[in-house]
file input37.txt (compact mmCIF, N, CA and C atoms)
# COMPACT_ATOMS: atom_id res chain seq x y z
N MET A 84 5.26 -18.45 -9.08
CA MET A 84 4.40 -17.35 -8.69
C MET A 84 4.04 -16.55 -9.94
N ILE A 85 2.88 -15.96 -9.95
CA ILE A 85 2.42 -15.25 -11.14
C ILE A 85 3.28 -14.03 -11.44
N PHE A 86 3.88 -13.42 -10.40
CA PHE A 86 4.67 -12.22 -10.61
C PHE A 86 6.04 -12.52 -11.18
N SER A 87 6.41 -13.77 -11.31
CA SER A 87 7.71 -14.09 -11.91
C SER A 87 7.72 -13.72 -13.39
N PHE A 88 6.54 -13.68 -14.02
CA PHE A 88 6.47 -13.27 -15.42
C PHE A 88 6.77 -11.79 -15.59
N LEU A 89 6.59 -11.01 -14.54
CA LEU A 89 6.83 -9.58 -14.60
C LEU A 89 8.27 -9.21 -14.28
N LYS A 90 9.10 -10.20 -13.96
CA LYS A 90 10.51 -10.00 -13.62
C LYS A 90 10.67 -9.06 -12.42
N LEU A 91 9.90 -9.30 -11.37
CA LEU A 91 9.99 -8.52 -10.14
C LEU A 91 10.89 -9.24 -9.15
N ARG A 92 11.50 -8.46 -8.25
CA ARG A 92 12.28 -9.08 -7.18
C ARG A 92 11.35 -9.81 -6.25
N LYS A 93 11.88 -10.71 -5.46
CA LYS A 93 11.05 -11.51 -4.56
C LYS A 93 10.34 -10.65 -3.53
N LYS A 94 11.05 -9.66 -2.98
CA LYS A 94 10.44 -8.80 -1.97
C LYS A 94 9.32 -7.95 -2.57
N THR A 95 9.54 -7.44 -3.77
CA THR A 95 8.52 -6.63 -4.43
C THR A 95 7.31 -7.49 -4.76
N ALA A 96 7.55 -8.69 -5.26
CA ALA A 96 6.46 -9.59 -5.59
C ALA A 96 5.69 -9.98 -4.33
N ALA A 97 6.38 -10.19 -3.23
CA ALA A 97 5.71 -10.55 -1.98
C ALA A 97 4.85 -9.39 -1.47
N ALA A 98 5.37 -8.17 -1.56
CA ALA A 98 4.60 -7.01 -1.13
C ALA A 98 3.38 -6.81 -2.01
N LEU A 99 3.56 -6.96 -3.31
CA LEU A 99 2.44 -6.82 -4.24
C LEU A 99 1.40 -7.91 -4.02
N SER A 100 1.85 -9.12 -3.77
CA SER A 100 0.92 -10.21 -3.47
C SER A 100 0.13 -9.93 -2.20
N GLY A 101 0.81 -9.44 -1.18
CA GLY A 101 0.13 -9.12 0.07
C GLY A 101 -0.92 -8.04 -0.10
N ILE A 102 -0.60 -7.02 -0.89
CA ILE A 102 -1.55 -5.95 -1.14
C ILE A 102 -2.76 -6.49 -1.90
N LEU A 103 -2.53 -7.31 -2.91
CA LEU A 103 -3.65 -7.87 -3.68
C LEU A 103 -4.50 -8.81 -2.85
N ILE A 104 -3.88 -9.62 -2.01
CA ILE A 104 -4.65 -10.52 -1.14
C ILE A 104 -5.46 -9.71 -0.14
N GLY A 105 -4.86 -8.66 0.42
CA GLY A 105 -5.59 -7.80 1.35
C GLY A 105 -6.76 -7.10 0.68
N ALA A 106 -6.55 -6.59 -0.53
CA ALA A 106 -7.63 -5.92 -1.25
C ALA A 106 -8.75 -6.90 -1.58
N GLY A 107 -8.39 -8.12 -1.96
CA GLY A 107 -9.42 -9.13 -2.24
C GLY A 107 -10.19 -9.51 -0.99
N SER A 108 -9.50 -9.58 0.12
CA SER A 108 -10.17 -9.90 1.38
C SER A 108 -11.13 -8.78 1.79
N LEU A 109 -10.70 -7.54 1.63
CA LEU A 109 -11.57 -6.41 1.95
C LEU A 109 -12.77 -6.36 1.02
N TRP A 110 -12.57 -6.68 -0.24
CA TRP A 110 -13.68 -6.70 -1.18
C TRP A 110 -14.69 -7.78 -0.80
N GLY A 111 -14.20 -8.97 -0.45
CA GLY A 111 -15.09 -10.04 -0.01
C GLY A 111 -15.83 -9.68 1.27
N LEU A 112 -15.14 -9.05 2.18
CA LEU A 112 -15.77 -8.62 3.43
C LEU A 112 -16.83 -7.56 3.19
N SER A 113 -16.56 -6.66 2.26
CA SER A 113 -17.55 -5.62 1.97
C SER A 113 -18.81 -6.21 1.34
N ILE A 114 -18.65 -7.22 0.52
CA ILE A 114 -19.82 -7.88 -0.06
C ILE A 114 -20.59 -8.63 1.02
N TRP A 115 -19.88 -9.32 1.89
CA TRP A 115 -20.51 -10.11 2.94
C TRP A 115 -21.27 -9.23 3.94
N GLN A 116 -20.70 -8.08 4.29
CA GLN A 116 -21.30 -7.19 5.28
C GLN A 116 -22.16 -6.09 4.65
N ASP A 117 -22.38 -6.13 3.35
CA ASP A 117 -23.17 -5.13 2.62
C ASP A 117 -22.65 -3.71 2.81
N ILE A 118 -21.34 -3.55 2.73
CA ILE A 118 -20.72 -2.23 2.79
C ILE A 118 -20.65 -1.71 1.36
N PRO A 119 -21.16 -0.49 1.13
CA PRO A 119 -21.12 0.04 -0.25
C PRO A 119 -19.69 0.19 -0.76
N MET A 120 -19.51 -0.02 -2.04
CA MET A 120 -18.19 0.06 -2.65
C MET A 120 -17.61 1.47 -2.54
N GLU A 121 -18.46 2.50 -2.56
CA GLU A 121 -17.97 3.88 -2.43
C GLU A 121 -17.32 4.10 -1.06
N GLU A 122 -17.93 3.55 -0.02
CA GLU A 122 -17.36 3.70 1.33
C GLU A 122 -16.03 2.98 1.42
N LEU A 123 -15.95 1.81 0.82
CA LEU A 123 -14.70 1.05 0.83
C LEU A 123 -13.61 1.82 0.07
N MET A 124 -13.97 2.43 -1.06
CA MET A 124 -13.00 3.20 -1.83
C MET A 124 -12.56 4.44 -1.06
N ASN A 125 -13.48 5.07 -0.32
CA ASN A 125 -13.09 6.21 0.51
C ASN A 125 -12.09 5.80 1.58
N GLN A 126 -12.33 4.67 2.22
CA GLN A 126 -11.41 4.17 3.24
C GLN A 126 -10.05 3.83 2.62
N LEU A 127 -10.08 3.19 1.47
CA LEU A 127 -8.84 2.81 0.79
C LEU A 127 -8.06 4.04 0.34
N GLY A 128 -8.77 5.05 -0.17
CA GLY A 128 -8.11 6.29 -0.58
C GLY A 128 -7.48 7.00 0.60
N GLY A 129 -8.19 7.05 1.72
CA GLY A 129 -7.63 7.66 2.92
C GLY A 129 -6.40 6.93 3.42
N LEU A 130 -6.44 5.61 3.33
CA LEU A 130 -5.29 4.82 3.75
C LEU A 130 -4.09 5.08 2.85
N LEU A 131 -4.32 5.17 1.55
CA LEU A 131 -3.22 5.45 0.63
C LEU A 131 -2.64 6.84 0.86
N ILE A 132 -3.49 7.81 1.16
CA ILE A 132 -2.99 9.16 1.46
C ILE A 132 -2.15 9.13 2.74
N LEU A 133 -2.63 8.40 3.75
CA LEU A 133 -1.89 8.28 5.00
C LEU A 133 -0.53 7.62 4.78
N LEU A 134 -0.50 6.54 4.04
CA LEU A 134 0.77 5.86 3.77
C LEU A 134 1.71 6.75 2.95
N GLY A 135 1.16 7.48 1.99
CA GLY A 135 1.98 8.41 1.21
C GLY A 135 2.58 9.50 2.07
N ALA A 136 1.77 10.01 3.02
CA ALA A 136 2.27 11.04 3.93
C ALA A 136 3.38 10.49 4.81
N ILE A 137 3.22 9.27 5.30
CA ILE A 137 4.25 8.66 6.15
C ILE A 137 5.54 8.47 5.37
N VAL A 138 5.45 7.98 4.14
CA VAL A 138 6.64 7.79 3.31
C VAL A 138 7.28 9.13 2.99
N GLY A 139 6.46 10.14 2.70
CA GLY A 139 6.99 11.47 2.39
C GLY A 139 7.72 12.08 3.58
N ILE A 140 7.15 11.97 4.77
CA ILE A 140 7.79 12.50 5.96
C ILE A 140 9.10 11.76 6.25
N ALA A 141 9.08 10.44 6.08
CA ALA A 141 10.30 9.66 6.30
C ALA A 141 11.39 10.07 5.30
N ALA A 142 11.01 10.31 4.05
CA ALA A 142 11.99 10.75 3.05
C ALA A 142 12.52 12.13 3.38
N LEU A 143 11.65 13.02 3.85
CA LEU A 143 12.08 14.36 4.23
C LEU A 143 13.04 14.32 5.42
N ILE A 144 12.73 13.50 6.41
CA ILE A 144 13.63 13.36 7.56
C ILE A 144 14.98 12.78 7.12
N GLY A 145 14.95 11.79 6.25
CA GLY A 145 16.20 11.21 5.73
C GLY A 145 17.02 12.23 4.97
N PHE A 146 16.34 13.06 4.17
CA PHE A 146 17.06 14.09 3.42
C PHE A 146 17.68 15.12 4.35
N VAL A 147 16.92 15.56 5.35
CA VAL A 147 17.43 16.56 6.29
C VAL A 147 18.61 15.99 7.09
N LEU A 148 18.47 14.75 7.55
CA LEU A 148 19.57 14.15 8.30
C LEU A 148 20.82 13.96 7.46
N SER A 149 20.65 13.64 6.18
CA SER A 149 21.82 13.46 5.33
C SER A 149 22.52 14.79 5.06
N ARG A 150 21.78 15.90 5.06
CA ARG A 150 22.37 17.21 4.85
C ARG A 150 23.17 17.65 6.09
N PHE A 151 22.68 17.34 7.28
CA PHE A 151 23.37 17.73 8.49
C PHE A 151 24.57 16.84 8.78
N ARG A 152 24.57 15.65 8.24
CA ARG A 152 25.67 14.71 8.49
C ARG A 152 26.94 15.15 7.74
N SER A 153 26.78 15.82 6.63
CA SER A 153 27.94 16.19 5.81
C SER A 153 28.78 17.29 6.40
call {"tool": "encode", "arguments": {"input": "input37.txt", "output": "structure tokens"}}
result
Amino acid sequence: MIFSFLKLRKKTAAALSGILIGAGSLWGLSIWQDIPMEELMNQLGGLLILLGAIVGIAALIGFVLSRFRS
């Protein structure tokens, strides 16, 4: 696999590969359906913000739960 040169773990390389394949598929779909690249970038940015918020909330809940457990 190409990511073996980067010395990544298998799970990290698999996740990165999935993200790159998904991004390539979306790019091909946007060209096929004549979707402007700006609209695609807006959708992708919104998705990244949403995922960041989900990860942040999960981390906050984990932190709060670990404080109450002690």
call {"tool": "atom_distance", "arguments": {"input": "input37.txt", "atom1": "atom CA of Glu121 of chain A", "atom2": "atom CA of Ala106 of chain A"}}
result
14.3 Å
call {"tool": "atom_distance", "arguments": {"input": "input37.txt", "atom1": "atom C of Gly105 of chain A", "atom2": "atom C of Val138 of chain A"}}
result
21.6 Å
call {"tool": "atom_distance", "arguments": {"input": "input37.txt", "atom1": "atom C of Ala96 of chain A", "atom2": "atom N of Trp110 of chain A"}}
result
19.0 Å
call {"tool": "axis_aligned_box", "arguments": {"input": "input37.txt", "around": "segment 93-105 of chain A", "padding_each_side": "6 Å", "output": "JSON"}}
result
{"center_x": 2.6, "center_y": -8.7, "center_z": -2.1, "size_x": 30.6, "size_y": 17.6, "size_z": 18.9}
call {"tool": "closest_residue", "arguments": {"input": "input37.txt", "among": "A:Leu143, A:Arg92, A:Leu134, A:Leu123", "to": "Ser108 of chain A", "atoms": "only C-alpha atoms"}}
result
A:Leu123
